[in-house]
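Novice: My structure is in model_7.txt, and what it holds is compact mmCIF, C-alpha atoms:
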```
# COMPACT_ATOMS: atom_id res chain seq x y z
CA MET A 1 -17.04 7.77 1.79
CA LYS A 2 -16.92 10.56 -0.76
CA VAL A 3 -13.66 10.75 -2.71
CA PHE A 4 -12.45 14.04 -4.21
CA ASN A 5 -9.78 13.67 -6.88
CA LEU A 6 -9.35 17.36 -7.77
CA LEU A 7 -9.40 20.56 -5.73
CA ASP A 8 -12.03 22.01 -8.08
CA GLU A 9 -14.40 19.16 -7.15
CA ILE A 10 -14.46 20.23 -3.50
CA LYS A 11 -17.48 22.48 -3.08
CA ASP A 12 -20.13 23.00 -0.43
CA ILE A 13 -18.76 20.41 1.98
CA GLU A 14 -19.36 20.37 5.72
CA PRO A 15 -16.65 21.37 8.24
CA THR A 16 -14.02 18.68 8.79
CA VAL A 17 -11.46 17.19 11.12
CA VAL A 18 -8.61 16.29 8.78
CA ALA A 19 -5.87 13.67 9.06
CA LEU A 20 -2.87 14.95 7.09
CA GLY A 21 -0.23 12.75 5.46
CA ASN A 22 0.73 10.63 2.49
CA PHE A 23 -0.61 7.43 4.09
CA ASP A 24 1.25 5.10 1.73
CA GLY A 25 0.50 1.67 3.10
CA VAL A 26 -2.04 3.00 5.62
CA HIS A 27 0.13 1.22 8.20
CA ALA A 28 -0.52 0.90 11.93
CA GLY A 29 0.79 4.40 12.69
CA HIS A 30 -1.35 5.92 9.94
CA ARG A 31 -4.44 4.14 11.20
CA GLU A 32 -3.85 5.43 14.74
CA LEU A 33 -3.66 9.00 13.45
CA ILE A 34 -6.80 8.50 11.35
CA ARG A 35 -8.60 6.85 14.30
CA ARG A 36 -7.94 9.86 16.51
CA ALA A 37 -9.12 12.27 13.84
CA MET A 38 -12.29 10.25 13.32
CA GLN A 39 -12.94 10.10 17.07
CA ALA A 40 -12.57 13.87 17.36
CA ALA A 41 -14.90 14.37 14.40
CA GLY A 42 -17.47 12.05 15.95
CA ASP A 43 -17.27 13.81 19.32
CA ALA A 44 -17.80 17.17 17.60
CA GLY A 45 -20.53 15.89 15.30
CA ILE A 46 -18.71 16.90 12.11
CA LYS A 47 -17.17 15.12 9.15
CA SER A 48 -13.89 13.17 9.27
CA ALA A 49 -11.48 13.55 6.36
CA VAL A 50 -8.17 12.21 5.13
CA PHE A 51 -5.97 14.39 2.95
CA THR A 52 -3.31 12.77 0.82
CA PHE A 53 -1.72 13.23 -2.58
CA SER A 54 -2.62 10.76 -5.34
CA ASN A 55 1.02 10.81 -6.49
CA HIS A 56 4.11 10.92 -4.30
CA PRO A 57 5.49 14.48 -4.02
CA ARG A 58 9.09 13.26 -4.08
CA ASN A 59 8.53 11.64 -7.47
CA VAL A 60 7.28 14.92 -8.92
CA MET A 61 10.15 16.92 -7.46
CA SER A 62 12.80 14.42 -8.55
CA GLY A 63 11.30 14.00 -12.00
CA GLY A 64 11.46 10.21 -11.69
CA ASN A 65 9.89 7.28 -9.90
CA GLU A 66 12.09 7.53 -6.86
CA VAL A 67 9.56 6.37 -4.29
CA LYS A 68 7.60 3.22 -5.09
CA ASN A 69 4.12 2.79 -3.66
CA ILE A 70 3.33 0.14 -1.06
CA ILE A 71 -0.37 -0.22 -1.84
CA TYR A 72 -2.52 0.60 -4.85
CA GLN A 73 -4.72 3.68 -4.90
CA ASP A 74 -7.87 1.53 -5.08
CA THR A 75 -6.68 -0.39 -2.02
CA LYS A 76 -6.08 2.83 -0.10
CA ILE A 77 -9.61 3.98 -0.91
CA GLU A 78 -11.00 0.61 0.15
CA ILE A 79 -9.15 0.67 3.49
CA LEU A 80 -10.21 4.23 4.33
CA GLU A 81 -13.80 3.41 3.45
CA GLN A 82 -13.70 0.36 5.72
CA LEU A 83 -12.36 2.56 8.54
CA GLY A 84 -15.41 4.79 8.18
CA VAL A 85 -13.82 8.01 6.91
CA ASP A 86 -16.37 10.50 5.51
CA TYR A 87 -14.23 12.40 2.99
CA MET A 88 -11.04 11.46 1.17
CA PHE A 89 -9.17 14.33 -0.47
CA SER A 90 -6.87 12.55 -2.95
CA ILE A 91 -5.33 15.45 -4.83
CA PRO A 92 -2.58 15.36 -7.47
CA PHE A 93 0.66 16.97 -6.37
CA THR A 94 0.92 19.53 -9.14
CA ASP A 95 3.50 22.19 -9.88
CA GLU A 96 1.06 24.76 -8.51
CA ILE A 97 0.93 22.96 -5.18
CA ARG A 98 4.68 22.31 -5.24
CA THR A 99 5.41 26.04 -5.40
CA MET A 100 2.66 27.09 -2.97
CA SER A 101 3.83 28.81 0.19
CA PRO A 102 2.95 27.21 3.54
CA GLU A 103 0.67 30.18 4.27
CA ASP A 104 -1.27 29.68 1.04
CA PHE A 105 -1.40 25.93 1.62
CA VAL A 106 -3.07 26.45 4.99
CA ASN A 107 -5.41 29.22 3.85
CA ARG A 108 -6.37 28.13 0.34
CA ILE A 109 -6.44 24.35 0.78
CA LEU A 110 -6.87 23.37 4.42
CA LEU A 111 -9.20 26.17 5.49
CA ASP A 112 -10.96 27.39 2.34
CA LYS A 113 -11.32 24.08 0.48
CA PHE A 114 -11.45 21.49 3.27
CA ARG A 115 -13.22 23.75 5.80
CA MET A 116 -10.85 22.27 8.36
CA VAL A 117 -11.60 23.05 12.00
CA GLU A 118 -9.14 20.56 13.47
CA ALA A 119 -6.03 18.80 12.12
CA TYR A 120 -4.11 15.66 13.02
CA CYS A 121 -0.63 15.08 11.61
CA GLY A 122 2.58 13.21 12.32
CA PHE A 123 5.67 14.72 13.91
CA ASN A 124 7.45 14.82 10.53
CA PHE A 125 4.64 16.18 8.33
CA LYS A 126 5.93 18.60 5.65
CA PHE A 127 4.06 20.84 3.22
CA GLY A 128 4.46 23.98 1.13
CA TYR A 129 7.29 25.08 -1.13
CA LYS A 130 10.46 23.09 -0.46
CA GLY A 131 8.80 21.56 2.59
CA ALA A 132 8.98 24.87 4.46
CA GLY A 133 5.77 24.05 6.30
CA ASP A 134 6.02 21.71 9.27
CA PRO A 135 4.15 20.96 12.52
CA GLU A 136 5.70 24.04 14.16
CA PHE A 137 4.35 26.24 11.37
CA LEU A 138 0.97 24.53 11.66
CA ALA A 139 0.95 25.22 15.41
CA LYS A 140 1.52 28.94 14.83
CA SER A 141 -1.19 28.94 12.15
CA ALA A 142 -3.59 27.16 14.51
CA VAL A 143 -3.19 29.94 17.07
CA GLU A 144 -3.61 32.67 14.44
CA LYS A 145 -6.49 31.06 12.52
CA GLY A 146 -8.27 29.36 15.40
CA PHE A 147 -8.23 25.71 14.32
CA GLY A 148 -7.33 22.76 16.52
CA LEU A 149 -4.10 20.83 16.02
CA HIS A 150 -2.79 17.50 17.31
CA ILE A 151 0.74 16.39 16.45
CA LEU A 152 1.37 12.69 16.98
CA GLN A 153 4.76 11.45 18.05
CA PRO A 154 6.39 8.41 16.38
CA TYR A 155 4.22 5.30 16.58
CA THR A 156 6.13 2.23 17.71
CA ILE A 157 5.54 -1.52 17.84
CA ASP A 158 7.87 -3.45 20.14
CA GLY A 159 10.19 -0.45 20.22
CA GLN A 160 10.35 -0.11 16.41
CA VAL A 161 9.14 3.13 14.85
CA VAL A 162 6.57 2.26 12.19
CA SER A 163 7.07 4.06 8.89
CA SER A 164 6.51 3.59 5.18
CA THR A 165 10.30 3.59 4.71
CA LEU A 166 10.63 0.68 7.14
CA ILE A 167 7.93 -1.29 5.33
CA ARG A 168 9.40 -0.64 1.89
CA GLY A 169 12.73 -1.93 3.17
CA LEU A 170 11.14 -5.10 4.56
CA ILE A 171 9.43 -5.80 1.23
CA GLU A 172 12.61 -5.19 -0.74
CA GLU A 173 14.48 -7.57 1.59
CA GLY A 174 11.80 -10.24 1.20
CA ASP A 175 10.79 -10.13 4.86
CA VAL A 176 7.11 -10.22 3.95
CA ALA A 177 6.14 -11.88 7.24
CA ALA A 178 7.24 -8.77 9.17
CA CYS A 179 5.17 -6.49 6.92
CA GLN A 180 1.95 -7.81 8.40
CA LYS A 181 3.09 -6.79 11.87
CA TYR A 182 3.57 -3.16 10.91
CA MET A 183 0.97 -2.79 8.15
CA GLY A 184 -1.83 -4.61 9.92
CA ARG A 185 -2.40 -6.58 6.74
CA PHE A 186 -0.34 -8.72 4.39
CA TYR A 187 1.72 -7.14 1.65
CA ALA A 188 -0.02 -7.84 -1.68
CA ILE A 189 0.41 -7.65 -5.43
CA GLU A 190 -2.70 -7.45 -7.58
CA GLY A 191 -3.59 -7.15 -11.21
CA GLU A 192 -4.94 -8.84 -14.29
CA VAL A 193 -3.82 -12.40 -15.02
CA VAL A 194 -1.79 -12.54 -18.23
CA VAL A 195 -0.70 -15.40 -20.47
CA GLY A 196 2.66 -16.88 -19.46
CA ASN A 197 4.86 -19.50 -21.10
CA ARG A 198 2.55 -22.30 -19.86
CA LEU A 199 5.52 -24.33 -18.58
CA GLY A 200 3.92 -24.64 -15.16
CA LYS A 201 0.88 -26.36 -16.62
CA ARG A 202 3.06 -28.74 -18.64
CA ILE A 203 4.96 -29.90 -15.55
CA GLY A 204 1.86 -30.18 -13.38
CA PHE A 205 1.89 -26.80 -11.59
CA PRO A 206 -0.36 -24.39 -13.52
CA THR A 207 0.18 -20.76 -12.54
CA SER A 208 -1.63 -17.45 -12.76
CA ASN A 209 0.80 -14.79 -13.97
CA LEU A 210 0.87 -11.11 -13.04
CA ASN A 211 3.18 -8.47 -14.45
CA ILE A 212 5.18 -6.36 -12.01
CA ASP A 213 3.90 -2.78 -11.74
CA GLU A 214 7.07 -0.67 -11.85
CA GLY A 215 5.40 1.99 -9.73
CA MET A 216 4.99 -0.44 -6.84
CA VAL A 217 7.61 -1.79 -4.47
CA SER A 218 8.20 -5.51 -5.07
CA PRO A 219 9.96 -8.29 -3.17
CA PRO A 220 13.23 -9.87 -4.33
CA ASN A 221 13.17 -12.91 -6.60
CA GLY A 222 12.17 -16.01 -4.71
CA VAL A 223 9.44 -18.43 -3.70
CA TYR A 224 6.79 -17.28 -1.23
CA ILE A 225 3.89 -18.86 0.63
CA THR A 226 0.86 -16.82 -0.38
CA GLN A 227 -2.90 -16.66 -0.44
CA CYS A 228 -4.83 -15.59 -3.50
CA PHE A 229 -8.12 -13.70 -3.60
CA TYR A 230 -10.46 -13.99 -6.55
CA ASN A 231 -14.11 -13.00 -6.67
CA GLY A 232 -14.10 -12.40 -2.92
CA GLN A 233 -12.83 -15.92 -2.15
CA ARG A 234 -9.51 -16.81 -0.55
CA TYR A 235 -7.38 -19.65 -1.91
CA PRO A 236 -4.11 -20.99 -0.44
CA SER A 237 -1.24 -20.69 -2.90
CA ILE A 238 2.49 -20.56 -3.51
CA THR A 239 4.16 -17.88 -5.62
CA ASN A 240 7.39 -17.41 -7.51
CA VAL A 241 8.64 -13.88 -8.06
CA GLY A 242 11.42 -13.74 -10.60
CA VAL A 243 12.78 -14.19 -14.09
CA LYS A 244 12.61 -18.00 -14.54
CA PRO A 245 16.39 -18.49 -15.01
CA THR A 246 16.12 -22.26 -15.54
CA ILE A 247 14.13 -21.95 -18.76
CA GLY A 248 15.33 -18.70 -20.35
CA LYS A 249 15.44 -14.95 -20.03
CA TYR A 250 12.20 -13.31 -18.94
CA GLN A 251 11.15 -10.06 -17.32
CA LYS A 252 10.50 -10.23 -13.59
CA ASN A 253 6.94 -11.28 -12.94
CA VAL A 254 4.70 -13.06 -10.42
CA GLU A 255 3.59 -16.67 -10.94
CA THR A 256 1.08 -18.07 -8.48
CA HIS A 257 0.08 -21.72 -8.20
CA ILE A 258 -3.30 -21.96 -6.45
CA PHE A 259 -3.92 -25.23 -4.62
CA ASN A 260 -7.05 -27.24 -5.49
CA PHE A 261 -8.13 -24.72 -8.13
CA ASP A 262 -9.06 -25.39 -11.76
CA LYS A 263 -10.76 -22.19 -12.97
CA GLU A 264 -9.48 -20.22 -15.96
CA LEU A 265 -8.25 -16.83 -14.76
CA TYR A 266 -6.80 -15.19 -17.90
CA GLY A 267 -8.03 -11.60 -18.02
CA LYS A 268 -9.38 -11.78 -14.46
CA THR A 269 -8.18 -9.62 -11.57
CA ILE A 270 -6.64 -11.34 -8.54
CA ARG A 271 -4.79 -10.25 -5.41
CA VAL A 272 -1.84 -12.25 -4.10
CA GLU A 273 -0.99 -11.75 -0.43
CA PHE A 274 2.52 -12.70 0.68
CA LEU A 275 2.72 -14.62 3.96
CA GLU A 276 6.28 -15.91 4.22
CA LYS A 277 9.38 -16.38 2.08
CA VAL A 278 10.43 -19.96 1.34
CA ARG A 279 13.71 -19.54 -0.57
CA PRO A 280 15.49 -17.39 -3.16
CA GLU A 281 14.97 -18.07 -6.86
CA HIS A 282 17.58 -20.51 -8.26
CA LYS A 283 18.71 -21.63 -11.68
CA PHE A 284 18.41 -25.42 -11.84
CA ASP A 285 20.30 -27.77 -14.13
CA SER A 286 17.13 -29.05 -15.76
CA VAL A 287 13.37 -28.64 -15.87
CA GLU A 288 13.13 -31.99 -14.06
CA ALA A 289 15.22 -30.65 -11.17
CA LEU A 290 13.05 -27.54 -11.10
CA SER A 291 9.91 -29.69 -10.99
CA THR A 292 11.29 -31.70 -8.06
CA GLN A 293 12.04 -28.51 -6.13
CA ILE A 294 8.58 -27.09 -6.87
CA THR A 295 7.06 -30.30 -5.47
CA GLU A 296 9.04 -29.83 -2.26
CA ASP A 297 8.07 -26.16 -2.08
CA CYS A 298 4.39 -27.04 -2.47
CA ILE A 299 4.61 -29.64 0.31
CA SER A 300 6.11 -26.99 2.61
CA ALA A 301 3.50 -24.42 1.63
CA ARG A 302 0.62 -26.82 2.17
CA ALA A 303 1.99 -27.67 5.62
CA TYR A 304 2.18 -23.97 6.46
CA HIS A 305 -1.41 -23.38 5.29
CA ARG A 306 -2.66 -26.37 7.30
CA GLN A 307 -0.82 -25.21 10.43
CA LYS A 308 -2.35 -21.74 10.11
CA GLY A 309 -5.81 -23.20 9.42
CA LEU A 310 -5.81 -21.80 5.88
CA LEU A 311 -6.12 -25.13 4.04
```
Is it possible to express this structure as structure tokens?
Specialist:
Amino acid sequence: MKVFNLLDEIKDIEPTVVALGNFDGVHAGHRELIRRAMQAAGDAGIKSAVFTFSNHPRNVMSGGNEVKNIIYQDTKIEILEQLGVDYMFSIPFTDEIRTMSPEDFVNRILLDKFRMVEAYCGFNFKFGYKGAGDPEFLAKSAVEKGFGLHILQPYTIDGQVVSSTLIRGLIEEGDVAACQKYMGRFYAIEGEVVVGNRLGKRIGFPTSNLNIDEGMVSPPNGVYITQCFYNGQRYPSITNVGVKPTIGKYQKNVETHIFNFDKELYGKTIRVEFLEKVRPEHKFDSVEALSTQITEDCISARAYHRQKGLL
């Protein structure tokens, strides 16, 4: 898959069938839209493409970090590549694009830059200045300009409309088990392992610590059954998200205890996938009481991993 990060990079490409959207999370509904676009491209013998912004438009318009991302940009690229997409247009949402009229958006970006001959979008797709462009506008443009258009209705699973807003809410509530149902993969936090306070090692539960990326949605403080990926290998684990109230005042971070693992991970990149929540984070009366609870949590997590065939 060829990734374009700037409009100016897009030159001399072949005609495309384009899936339009933000695709944050690349959830089940997004993948259905992309699948249909790819199938149409394959049937026509032309290139498939996904168009998305590398930053969330609402964050630019609000001037803050209003909408937190569900997955990392590298993960989005990896997923789209695995799906078999030919081109990914991952363009910054700039002030120029923010103030662009829907007509210019269609003509200058979709047709001139992307060489789009057919488009797939969701029922609530918005574009152009103040979101004035919508599927109805695209339909009129399709008739005038001669490109194909397919507008997908809400995608549901068991009667529930699948959306990025739904998934963000599930993560923020700690219902990480439900995320897998709608995302088609487990919710994950990834990053470089940093040095913690080393208390876990002293009490017999060494942990790999990750800082919380403020641009990403994160679950509430608590203990979670997880699995950790390092160097392409999966390891069963248990994770605490929180501020360690028993031992002091700390910033919210992620501490993962990997079962049957003794490698040094400081400075290494890992991904922690969240399978199920065990309990909220508590302040215990002593480190000894905390250690006892961690032992019980690990027993529960190991049983879960064994039941699922992960241990």
Novice: I'd like to know which of A:His305, A:Lys11, A:Arg35, A:His27 is closest to Ile167 of chain A, using all atoms listed in the file.
Specialist: A:His27
Novice: So the first atom is atom CA of Ser291 of chain A and the second is atom CA of Pro206 of chain A; what is the distance between them in Å, to one decimal place?
Specialist: 11.8 Å
Novice: For a quick check of understanding, using only C-alpha atoms, which of A:Gly148, A:Pro102, A:Gly131, A:Pro57 has the smallest distance to Val18 of chain A?
Specialist: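 The answer is A:Gly148, which sits nearest to Val18 of chain A.
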Novice: Taking into account only C-alpha atoms, which residue in the set A:His257, A:Lys140, A:Lys68, A:Arg271 is nearest to Asp213 of chain A?
Specialist: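 Nearest candidate to Asp213 of chain A out of A:His257, A:Lys140, A:Lys68, A:Arg271: A:Lys68.
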Novice: Using only C-alpha atoms, pick whichever of A:Glu103, A:Asp285, A:Asp43, A:Asp8 has the shortest atom-to-atom distance to Gly133 of chain A.
Specialist: A:Glu103
Novice: List the neighbours of Lys308 of chain A out to 12 Å using all atoms listed in the file; skip same-chain residues closer than 5 positions along the sequence, and give me the result as a ChimeraX atom specification.
Specialist: /A:225,227,236,275-276,301-303
Novice: Skipping near chain neighbours, those fewer than 5 positions away, what residues fall within 10 Å of segment 69-81 of chain A using all atoms listed in the file, listed as a PyMOL selection string?
Specialist: chain A and resi 1-3+23-27+31+34+49-50+54-56+86-88+90+164-165+167-168+171+183+187-190+213-218
Novice: Can you work out which one of A:Leu6, A:Ala119, A:Val254, A:Ile91 has the shortest atom-to-atom distance to Arg36 of chain A, counting only C-alpha atoms?
Specialist: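 Nearest to Arg36 of chain A: A:Ala119.
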Novice: In terms of the shortest atom-to-atom distance over only C-alpha atoms, which of A:Asn253, A:Asn211, A:Gln153, A:Thr94 is closest to Cys121 of chain A?
Specialist: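 Among A:Asn253, A:Asn211, A:Gln153, A:Thr94, it is A:Gln153 that comes nearest to Cys121 of chain A.
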Novice: Would you compute the distance between atom CA of Arg98 of chain A and atom CA of Glu14 of chain A? Give it in Å to one decimal.
Specialist: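 Answer for the atom CA of Arg98 of chain A to atom CA of Glu14 of chain A separation: 26.5 Å.
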Novice: Could you please determine the separation between atom CA of Phe123 of chain A and atom CA of Ile97 of chain A in Å, to one decimal place?
Specialist: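 Atom CA of Ile97 of chain A lies at a distance of 21.3 Å from atom CA of Phe123 of chain A.
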Novice: Residues within 8 Å of Pro15 of chain A, please, as a PyMOL selection string. Count all atoms listed in the file; anything in the same chain fewer than 4 positions from it doesn't count.
Specialist: chain A and resi 46-47+114-117
